[in-house]
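Shown here: query08.cif, mmCIF, C-alpha atoms.
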```
data_protein
loop_
_atom_site.group_PDB
_atom_site.id
_atom_site.type_symbol
_atom_site.label_atom_id
_atom_site.label_comp_id
_atom_site.auth_asym_id
_atom_site.auth_seq_id
_atom_site.Cartn_x
_atom_site.Cartn_y
_atom_site.Cartn_z
ATOM 1 C CA MET I 9 85.583 53.760 20.295
ATOM 2 C CA ASN I 10 83.166 52.869 23.092
ATOM 3 C CA LYS I 11 80.055 54.869 23.631
ATOM 4 C CA MET I 12 80.704 57.356 26.397
ATOM 5 C CA THR I 13 78.318 57.936 29.236
ATOM 6 C CA GLN I 14 75.716 60.471 28.187
ATOM 7 C CA THR I 15 76.152 63.846 29.814
ATOM 8 C CA ALA I 16 72.864 64.996 31.259
ATOM 9 C CA LYS I 17 71.800 68.581 31.202
ATOM 10 C CA PRO I 18 70.716 70.083 34.497
ATOM 11 C CA GLN I 19 67.299 68.841 35.570
ATOM 12 C CA THR I 20 66.278 72.434 36.217
ATOM 13 C CA GLU I 21 66.633 73.371 32.543
ATOM 14 C CA SER I 22 63.370 74.973 31.397
ATOM 15 C CA THR I 23 61.381 73.893 28.369
ATOM 16 C CA LEU I 24 62.082 77.276 26.778
ATOM 17 C CA THR I 25 65.832 76.712 27.163
ATOM 18 C CA LYS I 26 65.484 73.279 25.567
ATOM 19 C CA VAL I 27 63.587 74.768 22.619
ATOM 20 C CA ILE I 28 66.227 77.479 22.204
ATOM 21 C CA ARG I 29 68.923 74.791 22.122
ATOM 22 C CA LEU I 30 66.880 72.773 19.625
ATOM 23 C CA LEU I 31 66.680 75.822 17.346
ATOM 24 C CA ARG I 32 70.420 76.480 17.966
ATOM 25 C CA TRP I 33 69.633 80.053 18.951
ATOM 26 C CA ASP I 34 72.139 79.579 21.774
ATOM 27 C CA LYS I 35 74.823 79.217 19.055
ATOM 28 C CA PRO I 36 74.339 82.278 16.838
ATOM 29 C CA ALA I 37 77.431 81.693 14.676
ATOM 30 C CA GLY I 38 75.617 79.062 12.637
ATOM 31 C CA ARG I 39 72.620 81.364 12.178
ATOM 32 C CA PHE I 40 74.714 84.355 11.102
ATOM 33 C CA ILE I 41 76.756 82.356 8.627
ATOM 34 C CA LEU I 42 73.550 81.561 6.692
ATOM 35 C CA MET I 43 72.389 85.170 6.873
ATOM 36 C CA ILE I 44 75.651 86.544 5.442
ATOM 37 C CA PRO I 45 75.258 85.338 1.796
ATOM 38 C CA ALA I 46 71.674 86.598 1.841
ATOM 39 C CA LEU I 47 72.875 90.036 2.946
ATOM 40 C CA TRP I 48 75.666 89.972 0.348
ATOM 41 C CA ALA I 49 73.031 89.373 -2.306
ATOM 42 C CA VAL I 50 70.501 91.994 -1.234
ATOM 43 C CA PHE I 51 73.097 94.770 -0.881
ATOM 44 C CA LEU I 52 74.802 93.939 -4.176
ATOM 45 C CA ALA I 53 71.531 93.622 -6.076
ATOM 46 C CA THR I 54 70.369 97.058 -4.864
ATOM 47 C CA HIS I 55 73.761 98.793 -5.115
ATOM 48 C CA ALA I 56 73.895 99.119 -1.320
ATOM 49 C CA MET I 57 70.456 100.713 -1.045
ATOM 50 C CA PRO I 58 68.055 97.903 -0.118
ATOM 51 C CA PRO I 59 64.617 98.707 1.310
ATOM 52 C CA ILE I 60 64.818 98.385 5.087
ATOM 53 C CA PRO I 61 61.681 96.175 5.267
ATOM 54 C CA LEU I 62 63.282 93.763 2.786
ATOM 55 C CA VAL I 63 66.439 93.526 4.896
ATOM 56 C CA GLY I 64 64.240 92.793 7.911
ATOM 57 C CA VAL I 65 62.394 90.086 6.006
ATOM 58 C CA ILE I 66 65.677 88.477 4.963
ATOM 59 C CA VAL I 67 67.103 88.549 8.497
ATOM 60 C CA VAL I 68 63.971 87.071 10.077
ATOM 61 C CA GLY I 69 63.537 84.632 7.208
ATOM 62 C CA THR I 70 67.057 83.242 7.520
ATOM 63 C CA PHE I 71 66.606 82.758 11.273
ATOM 64 C CA ALA I 72 63.305 80.941 10.737
ATOM 65 C CA THR I 73 64.675 78.784 7.917
ATOM 66 C CA SER I 74 67.834 77.951 9.840
ATOM 67 C CA ALA I 75 65.758 77.017 12.881
ATOM 68 C CA ALA I 76 63.571 74.705 10.791
ATOM 69 C CA GLY I 77 66.657 73.096 9.256
ATOM 70 C CA CYS I 78 68.205 72.455 12.666
ATOM 71 C CA VAL I 79 65.047 70.755 13.962
ATOM 72 C CA ILE I 80 64.730 68.625 10.819
ATOM 73 C CA ASN I 81 68.390 67.658 11.165
ATOM 74 C CA ASP I 82 67.882 66.583 14.782
ATOM 75 C CA LEU I 83 64.728 64.632 13.938
ATOM 76 C CA TRP I 84 66.537 62.629 11.252
ATOM 77 C CA ASP I 85 69.751 62.206 13.252
ATOM 78 C CA ARG I 86 68.535 61.713 16.820
ATOM 79 C CA ASP I 87 69.771 58.117 16.988
ATOM 80 C CA ILE I 88 73.093 58.905 15.291
ATOM 81 C CA ASP I 89 73.634 61.951 17.513
ATOM 82 C CA SER I 90 73.374 59.772 20.608
ATOM 83 C CA GLU I 91 76.588 58.030 19.510
ATOM 84 C CA VAL I 92 78.595 61.256 19.169
ATOM 85 C CA GLU I 93 79.937 63.106 22.197
ATOM 86 C CA ARG I 94 79.478 66.552 20.622
ATOM 87 C CA THR I 95 75.781 66.015 19.853
ATOM 88 C CA ARG I 96 74.447 63.535 22.399
ATOM 89 C CA ASP I 97 72.969 66.183 24.696
ATOM 90 C CA ARG I 98 70.764 67.727 21.997
ATOM 91 C CA PRO I 99 67.151 67.872 23.262
ATOM 92 C CA LEU I 100 65.661 65.330 20.843
ATOM 93 C CA THR I 101 68.625 62.983 21.167
ATOM 94 C CA SER I 102 68.628 63.050 24.964
ATOM 95 C CA ARG I 103 64.820 62.765 24.914
ATOM 96 C CA THR I 104 64.400 65.912 27.018
ATOM 97 C CA LEU I 105 62.005 67.004 24.278
ATOM 98 C CA THR I 106 59.673 64.540 22.569
ATOM 99 C CA ILE I 107 59.664 63.726 18.867
ATOM 100 C CA GLN I 108 56.128 65.104 18.625
ATOM 101 C CA THR I 109 57.330 68.403 20.086
ATOM 102 C CA GLY I 110 60.160 68.518 17.566
ATOM 103 C CA ILE I 111 57.759 67.939 14.667
ATOM 104 C CA VAL I 112 55.427 70.694 15.886
ATOM 105 C CA ILE I 113 58.325 73.143 16.277
ATOM 106 C CA ALA I 114 59.604 72.291 12.774
ATOM 107 C CA ILE I 115 56.149 72.910 11.307
ATOM 108 C CA ILE I 116 55.890 76.243 13.134
ATOM 109 C CA ALA I 117 59.352 77.314 11.936
ATOM 110 C CA PHE I 118 58.561 76.394 8.321
ATOM 111 C CA ALA I 119 55.185 78.143 8.612
ATOM 112 C CA CYS I 120 56.893 81.315 9.852
ATOM 113 C CA ALA I 121 59.354 81.165 6.960
ATOM 114 C CA GLY I 122 56.452 80.575 4.565
ATOM 115 C CA VAL I 123 54.499 83.581 5.823
ATOM 116 C CA ILE I 124 57.611 85.729 5.483
ATOM 117 C CA ALA I 125 58.129 84.432 1.921
ATOM 118 C CA LEU I 126 54.689 85.770 0.995
ATOM 119 C CA TYR I 127 56.222 89.242 1.210
ATOM 120 C CA LEU I 128 58.544 88.361 -1.679
ATOM 121 C CA ASN I 129 57.897 88.544 -5.402
ATOM 122 C CA PRO I 130 56.775 85.374 -7.259
ATOM 123 C CA LEU I 131 60.299 84.407 -8.406
ATOM 124 C CA SER I 132 61.697 84.658 -4.882
ATOM 125 C CA PHE I 133 58.687 82.883 -3.403
ATOM 126 C CA TRP I 134 59.029 79.876 -5.704
ATOM 127 C CA LEU I 135 62.775 79.726 -5.131
ATOM 128 C CA SER I 136 61.933 79.535 -1.425
ATOM 129 C CA VAL I 137 59.576 76.645 -2.132
ATOM 130 C CA VAL I 138 62.230 74.793 -4.157
ATOM 131 C CA ALA I 139 64.717 75.250 -1.303
ATOM 132 C CA VAL I 140 62.525 73.379 1.201
ATOM 133 C CA PRO I 141 63.166 69.809 -0.129
ATOM 134 C CA VAL I 142 66.911 70.514 -0.134
ATOM 135 C CA ILE I 143 66.754 71.627 3.512
ATOM 136 C CA ILE I 144 64.684 68.600 4.501
ATOM 137 C CA CYS I 145 66.826 66.090 2.614
ATOM 138 C CA TYR I 146 70.262 67.407 3.613
ATOM 139 C CA PRO I 147 70.464 65.314 6.824
ATOM 140 C CA LEU I 148 69.668 62.197 4.778
ATOM 141 C CA ALA I 149 72.448 62.921 2.279
ATOM 142 C CA LYS I 150 75.142 61.864 4.731
ATOM 143 C CA ARG I 151 73.710 58.332 4.622
ATOM 144 C CA PHE I 152 74.147 57.780 0.874
ATOM 145 C CA PHE I 153 75.940 60.744 -0.772
ATOM 146 C CA PRO I 154 79.740 60.846 -0.438
ATOM 147 C CA VAL I 155 79.956 64.649 -0.063
ATOM 148 C CA PRO I 156 76.856 65.734 1.901
ATOM 149 C CA GLN I 157 78.461 69.137 2.530
ATOM 150 C CA LEU I 158 77.769 69.872 -1.150
ATOM 151 C CA VAL I 159 74.045 69.475 -0.467
ATOM 152 C CA LEU I 160 74.338 71.884 2.440
ATOM 153 C CA SER I 161 76.240 74.294 0.194
ATOM 154 C CA ILE I 162 73.422 74.202 -2.355
ATOM 155 C CA ALA I 163 70.951 74.932 0.442
ATOM 156 C CA TRP I 164 73.155 77.890 1.471
ATOM 157 C CA GLY I 165 73.230 79.023 -2.160
ATOM 158 C CA PHE I 166 69.464 79.471 -2.154
ATOM 159 C CA ALA I 167 69.999 82.351 0.297
ATOM 160 C CA VAL I 168 71.761 84.186 -2.537
ATOM 161 C CA LEU I 169 69.181 83.356 -5.197
ATOM 162 C CA ILE I 170 66.173 84.195 -3.026
ATOM 163 C CA SER I 171 67.586 87.463 -1.686
ATOM 164 C CA TRP I 172 68.942 88.694 -5.021
ATOM 165 C CA SER I 173 65.694 87.962 -6.851
ATOM 166 C CA ALA I 174 63.721 89.557 -4.003
ATOM 167 C CA ALA I 175 65.694 92.766 -4.488
ATOM 168 C CA ALA I 176 66.027 92.831 -8.293
ATOM 169 C CA ALA I 177 63.157 90.567 -9.465
ATOM 170 C CA LYS I 178 65.656 88.701 -11.678
ATOM 171 C CA LEU I 179 68.861 86.671 -11.652
ATOM 172 C CA ASP I 180 71.859 87.710 -13.744
ATOM 173 C CA ILE I 181 75.494 86.725 -14.281
ATOM 174 C CA ALA I 182 76.629 88.494 -11.114
ATOM 175 C CA THR I 183 74.051 86.495 -9.131
ATOM 176 C CA TRP I 184 75.478 83.205 -10.319
ATOM 177 C CA ILE I 185 79.044 84.302 -9.625
ATOM 178 C CA LEU I 186 78.047 85.141 -6.050
ATOM 179 C CA TRP I 187 76.116 81.855 -5.833
ATOM 180 C CA SER I 188 79.219 79.928 -6.927
ATOM 181 C CA ALA I 189 81.402 81.790 -4.438
ATOM 182 C CA THR I 190 78.915 80.938 -1.682
ATOM 183 C CA ILE I 191 78.933 77.263 -2.678
ATOM 184 C CA PHE I 192 82.736 77.024 -2.407
ATOM 185 C CA TRP I 193 82.893 79.128 0.774
ATOM 186 C CA THR I 194 80.320 76.850 2.431
ATOM 187 C CA LEU I 195 82.156 73.737 1.239
ATOM 188 C CA GLY I 196 85.303 75.164 2.817
ATOM 189 C CA PHE I 197 84.050 76.082 6.274
ATOM 190 C CA ASP I 198 81.680 73.102 6.572
ATOM 191 C CA THR I 199 84.404 70.651 5.584
ATOM 192 C CA VAL I 200 86.487 72.155 8.393
ATOM 193 C CA TYR I 201 83.522 71.639 10.723
ATOM 194 C CA ALA I 202 83.207 68.026 9.540
ATOM 195 C CA MET I 203 86.873 67.369 10.317
ATOM 196 C CA SER I 204 86.090 67.415 14.041
ATOM 197 C CA ASP I 205 83.684 64.458 13.618
ATOM 198 C CA ARG I 206 85.794 62.258 11.332
ATOM 199 C CA GLU I 207 86.388 59.460 13.826
ATOM 200 C CA ASP I 208 82.726 59.275 14.856
ATOM 201 C CA ASP I 209 81.470 59.481 11.270
ATOM 202 C CA GLN I 210 83.807 56.701 10.164
ATOM 203 C CA ARG I 211 82.781 54.521 13.090
ATOM 204 C CA LEU I 212 79.088 55.061 12.370
ATOM 205 C CA GLY I 213 79.372 54.716 8.586
ATOM 206 C CA ILE I 214 78.342 58.328 7.950
ATOM 207 C CA ASN I 215 79.614 60.180 4.886
ATOM 208 C CA SER I 216 81.310 63.568 5.009
ATOM 209 C CA SER I 217 83.599 65.627 2.803
ATOM 210 C CA ALA I 218 86.298 65.284 5.462
ATOM 211 C CA LEU I 219 86.235 61.508 4.966
ATOM 212 C CA PHE I 220 85.774 61.692 1.196
ATOM 213 C CA PHE I 221 88.936 63.763 0.657
ATOM 214 C CA GLY I 222 90.888 61.778 3.275
ATOM 215 C CA LYS I 223 94.499 62.904 3.600
ATOM 216 C CA TYR I 224 93.834 65.612 1.004
ATOM 217 C CA THR I 225 91.119 67.291 3.096
ATOM 218 C CA THR I 226 93.299 70.231 4.138
ATOM 219 C CA ASN I 227 94.267 70.874 0.510
ATOM 220 C CA ALA I 228 90.612 70.582 -0.538
ATOM 221 C CA VAL I 229 89.659 73.245 2.022
ATOM 222 C CA GLY I 230 92.460 75.464 0.714
ATOM 223 C CA ILE I 231 91.219 75.043 -2.869
ATOM 224 C CA PHE I 232 87.625 75.821 -1.833
ATOM 225 C CA PHE I 233 88.715 79.034 -0.132
ATOM 226 C CA LEU I 234 90.952 79.955 -3.071
ATOM 227 C CA LEU I 235 88.067 79.481 -5.513
ATOM 228 C CA THR I 236 85.875 81.590 -3.232
ATOM 229 C CA ALA I 237 88.420 84.419 -3.373
ATOM 230 C CA ILE I 238 88.782 84.140 -7.169
ATOM 231 C CA LEU I 239 85.024 84.166 -7.733
ATOM 232 C CA LEU I 240 84.546 87.132 -5.407
ATOM 233 C CA GLY I 241 87.299 88.884 -7.350
ATOM 234 C CA LEU I 242 85.443 88.192 -10.609
ATOM 235 C CA LEU I 243 82.302 89.537 -8.969
ATOM 236 C CA GLY I 244 84.148 92.702 -7.985
ATOM 237 C CA ILE I 245 85.297 93.187 -11.579
ATOM 238 C CA LYS I 246 81.837 92.427 -12.983
ATOM 239 C CA MET I 247 80.128 94.911 -10.656
ATOM 240 C CA GLU I 248 82.968 97.450 -10.799
ATOM 241 C CA LEU I 249 83.348 97.517 -7.028
ATOM 242 C CA HIS I 250 85.733 100.091 -5.613
ATOM 243 C CA ILE I 251 88.763 99.926 -3.324
ATOM 244 C CA GLY I 252 86.839 99.167 -0.118
ATOM 245 C CA PHE I 253 85.788 95.797 -1.484
ATOM 246 C CA TRP I 254 89.273 94.878 -2.667
ATOM 247 C CA ILE I 255 90.776 95.702 0.738
ATOM 248 C CA THR I 256 88.317 93.432 2.529
ATOM 249 C CA LEU I 257 88.757 90.666 -0.069
ATOM 250 C CA GLY I 258 92.496 90.879 0.584
ATOM 251 C CA ILE I 259 91.885 90.600 4.339
ATOM 252 C CA ALA I 260 89.581 87.620 3.836
ATOM 253 C CA THR I 261 92.084 85.877 1.571
ATOM 254 C CA VAL I 262 94.857 86.315 4.147
ATOM 255 C CA PHE I 263 92.611 84.828 6.853
ATOM 256 C CA TRP I 264 91.722 81.872 4.628
ATOM 257 C CA PHE I 265 95.396 81.236 3.922
ATOM 258 C CA ILE I 266 96.202 81.332 7.649
ATOM 259 C CA GLN I 267 93.355 78.891 8.327
ATOM 260 C CA TYR I 268 94.675 76.570 5.626
ATOM 261 C CA LYS I 269 98.154 76.662 7.156
ATOM 262 C CA LYS I 270 96.775 75.929 10.635
ATOM 263 C CA LEU I 271 94.908 72.897 9.350
ATOM 264 C CA GLY I 272 98.106 71.588 7.785
ATOM 265 C CA GLN I 273 100.196 71.797 10.960
ATOM 266 C CA GLU I 274 101.085 68.590 12.776
ATOM 267 C CA ASP I 275 100.734 67.693 16.448
ATOM 268 C CA ILE I 276 98.512 70.578 17.492
ATOM 269 C CA LEU I 277 94.949 70.790 18.729
ATOM 270 C CA LYS I 278 93.051 71.480 15.535
ATOM 271 C CA PRO I 279 91.067 74.740 15.784
ATOM 272 C CA TYR I 280 88.045 73.506 13.820
ATOM 273 C CA ALA I 281 85.369 75.400 15.748
ATOM 274 C CA GLN I 282 87.545 78.505 15.859
ATOM 275 C CA ILE I 283 87.964 78.493 12.082
ATOM 276 C CA PHE I 284 84.207 78.074 11.639
ATOM 277 C CA ARG I 285 83.511 81.084 13.881
ATOM 278 C CA GLN I 286 86.211 83.133 12.148
ATOM 279 C CA ASN I 287 84.377 82.677 8.861
ATOM 280 C CA VAL I 288 81.372 84.474 10.337
ATOM 281 C CA TRP I 289 83.556 87.540 10.897
ATOM 282 C CA ILE I 290 85.147 87.119 7.470
ATOM 283 C CA GLY I 291 81.671 87.132 5.947
ATOM 284 C CA PHE I 292 80.726 90.358 7.726
ATOM 285 C CA ILE I 293 84.035 91.966 6.752
ATOM 286 C CA LEU I 294 83.291 91.129 3.123
ATOM 287 C CA LEU I 295 79.774 92.525 3.512
ATOM 288 C CA ALA I 296 81.240 95.814 4.739
ATOM 289 C CA GLY I 297 83.603 95.799 1.765
ATOM 290 C CA MET I 298 80.770 95.183 -0.695
ATOM 291 C CA ILE I 299 78.789 98.092 0.745
ATOM 292 C CA THR I 300 81.715 100.505 0.719
ATOM 293 C CA GLY I 301 82.822 99.203 -2.670
ATOM 294 C CA LEU I 302 79.440 100.150 -4.094
ATOM 295 C CA ILE I 303 79.155 103.558 -2.421
ATOM 296 C CA PHE I 304 82.675 105.022 -2.510
#
```
Translate this structure into structure tokens?
Amino acid sequence: MNKMTQTAKPQTESTLTKVIRLLRWDKPAGRFILMIPALWAVFLATHAMPPIPLVGVIVVGTFATSAAGCVINDLWDRDIDSEVERTRDRPLTSRTLTIQTGIVIAIIAFACAGVIALYLNPLSFWLSVVAVPVIICYPLAKRFFPVPQLVLSIAWGFAVLISWSAAAAKLDIATWILWSATIFWTLGFDTVYAMSDREDDQRLGINSSALFFGKYTTNAVGIFFLLTAILLGLLGIKMELHIGFWITLGIATVFWFIQYKKLGQEDILKPYAQIFRQNVWIGFILLAGMITGLIF
């Protein structure tokens, strides 16, 4: 595949717009999908009665952390991104923002997340600290680790551990069940996302779960979603959640099955981005079910 001519963004694009694109705040789906496991955790840990300030801290904290992760990713991958049509117009890749600017923005984003973490109890604070190396190293994993999406999933899992411990000041069996469900859910939707870049990743020698599983990738995604549903079911039993949760888990499972079937169809335009966005709504549906399952 020959390198395509780089698509330039309009010359009139403001610096603020470039920074927003660098932080991916123009694409909220990716920000919300990190926030969802954190909200699952805080509502479950408090039996659907979390302190409002804590919810605010978690929402702002996930946005700040996600922003920092996106900038770090673009700093590591700026040369690789220039070879991929989907990513070549990112501000650091297209050089519309300088590397120095990217570093400063990453430091500011991490500093904001750090200040927010000071609100948390010691266990949550130190879990936040431990999460930072995982966030920083994730973009490097694709260069040497065969399933880098697993590293991303572990980073996502910290949202559960930090939020649950912030609400309950401890981690218990239910926490780890939710953590495991989050790991498999993230592996599922991020493997789907990686499927859209398979040709470019193979050409560039970049690892991904979509390449690792090869012709079995669709089945792997199906298994990840199935394990997510099973683990969430175990969580519902463990926490004695009521009918509202089980209805939404049923809805989510049906959606995951439909997504699996779509990925397995031949000779159609694969709806990778659509499936990714659908999982944001699935996550919020499950959140609503967890809340109602605790209250009613």
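The nearest approach to Leu105 of chain I among the residues I:Leu212, I:Leu128, I:Ala117, I:Val79, with all atoms listed in the file taken into account, belongs to I:Val79.
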Residues near Val68 of chain I, anyone? I mean within 9 Å using only C-alpha atoms, not counting same-chain ones fewer than 5 positions away, as an mmCIF file with C-alpha atoms, in the coordinates of the input.
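Once everything was written out, this is result33.cif:
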```cif
data_model
loop_
_atom_site.group_PDB
_atom_site.id
_atom_site.type_symbol
_atom_site.label_atom_id
_atom_site.label_comp_id
_atom_site.auth_asym_id
_atom_site.auth_seq_id
_atom_site.Cartn_x
_atom_site.Cartn_y
_atom_site.Cartn_z
ATOM 1 C CA VAL I 63 66.439 93.526 4.896
ATOM 2 C CA THR I 73 64.675 78.784 7.917
ATOM 3 C CA ALA I 121 59.354 81.165 6.960
ATOM 4 C CA ILE I 124 57.611 85.729 5.483
#
```
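When only C-alpha atoms are used to compute distances to Ser22 of chain I, the closest of the residues I:Thr104, I:Ser173, I:Thr183, I:Asn287 turns out to be I:Thr104.
By chain and then residue number, the residues within 7 Å of Ala202 of chain I are Asp198, Arg206, Ser216 and Ala218 of chain I, counting all atoms listed in the file and disregarding those fewer than 4 positions away in sequence.
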Next on the checklist: Neighbouring residues of segment 292-298 of chain I were defined as those with any atom within 7 Å, considering all atoms listed in the file; residues of the same chain fewer than 4 positions away were excluded. Please report them as a ChimeraX atom specification.
Outcome noted: /I:44,48,252-253,256-257,288,302
How close does segment 203-243 of chain I get to segment 149-162 of chain I? List, as a Markdown table, each residue of segment 203-243 of chain I within 7 Å, its nearest atom pair and the distance in Å to one decimal, counting only C-alpha atoms.
```
| residue | atom | partner | partner_atom | distance |
| --- | --- | --- | --- | --- |
| I:Ile214 | CA | I:Arg151 | CA | 5.7 |
| I:Asn215 | CA | I:Lys150 | CA | 4.8 |
| I:Ser216 | CA | I:Val155 | CA | 5.4 |
| I:Ser217 | CA | I:Val155 | CA | 4.7 |
| I:Phe220 | CA | I:Pro154 | CA | 6.3 |
```
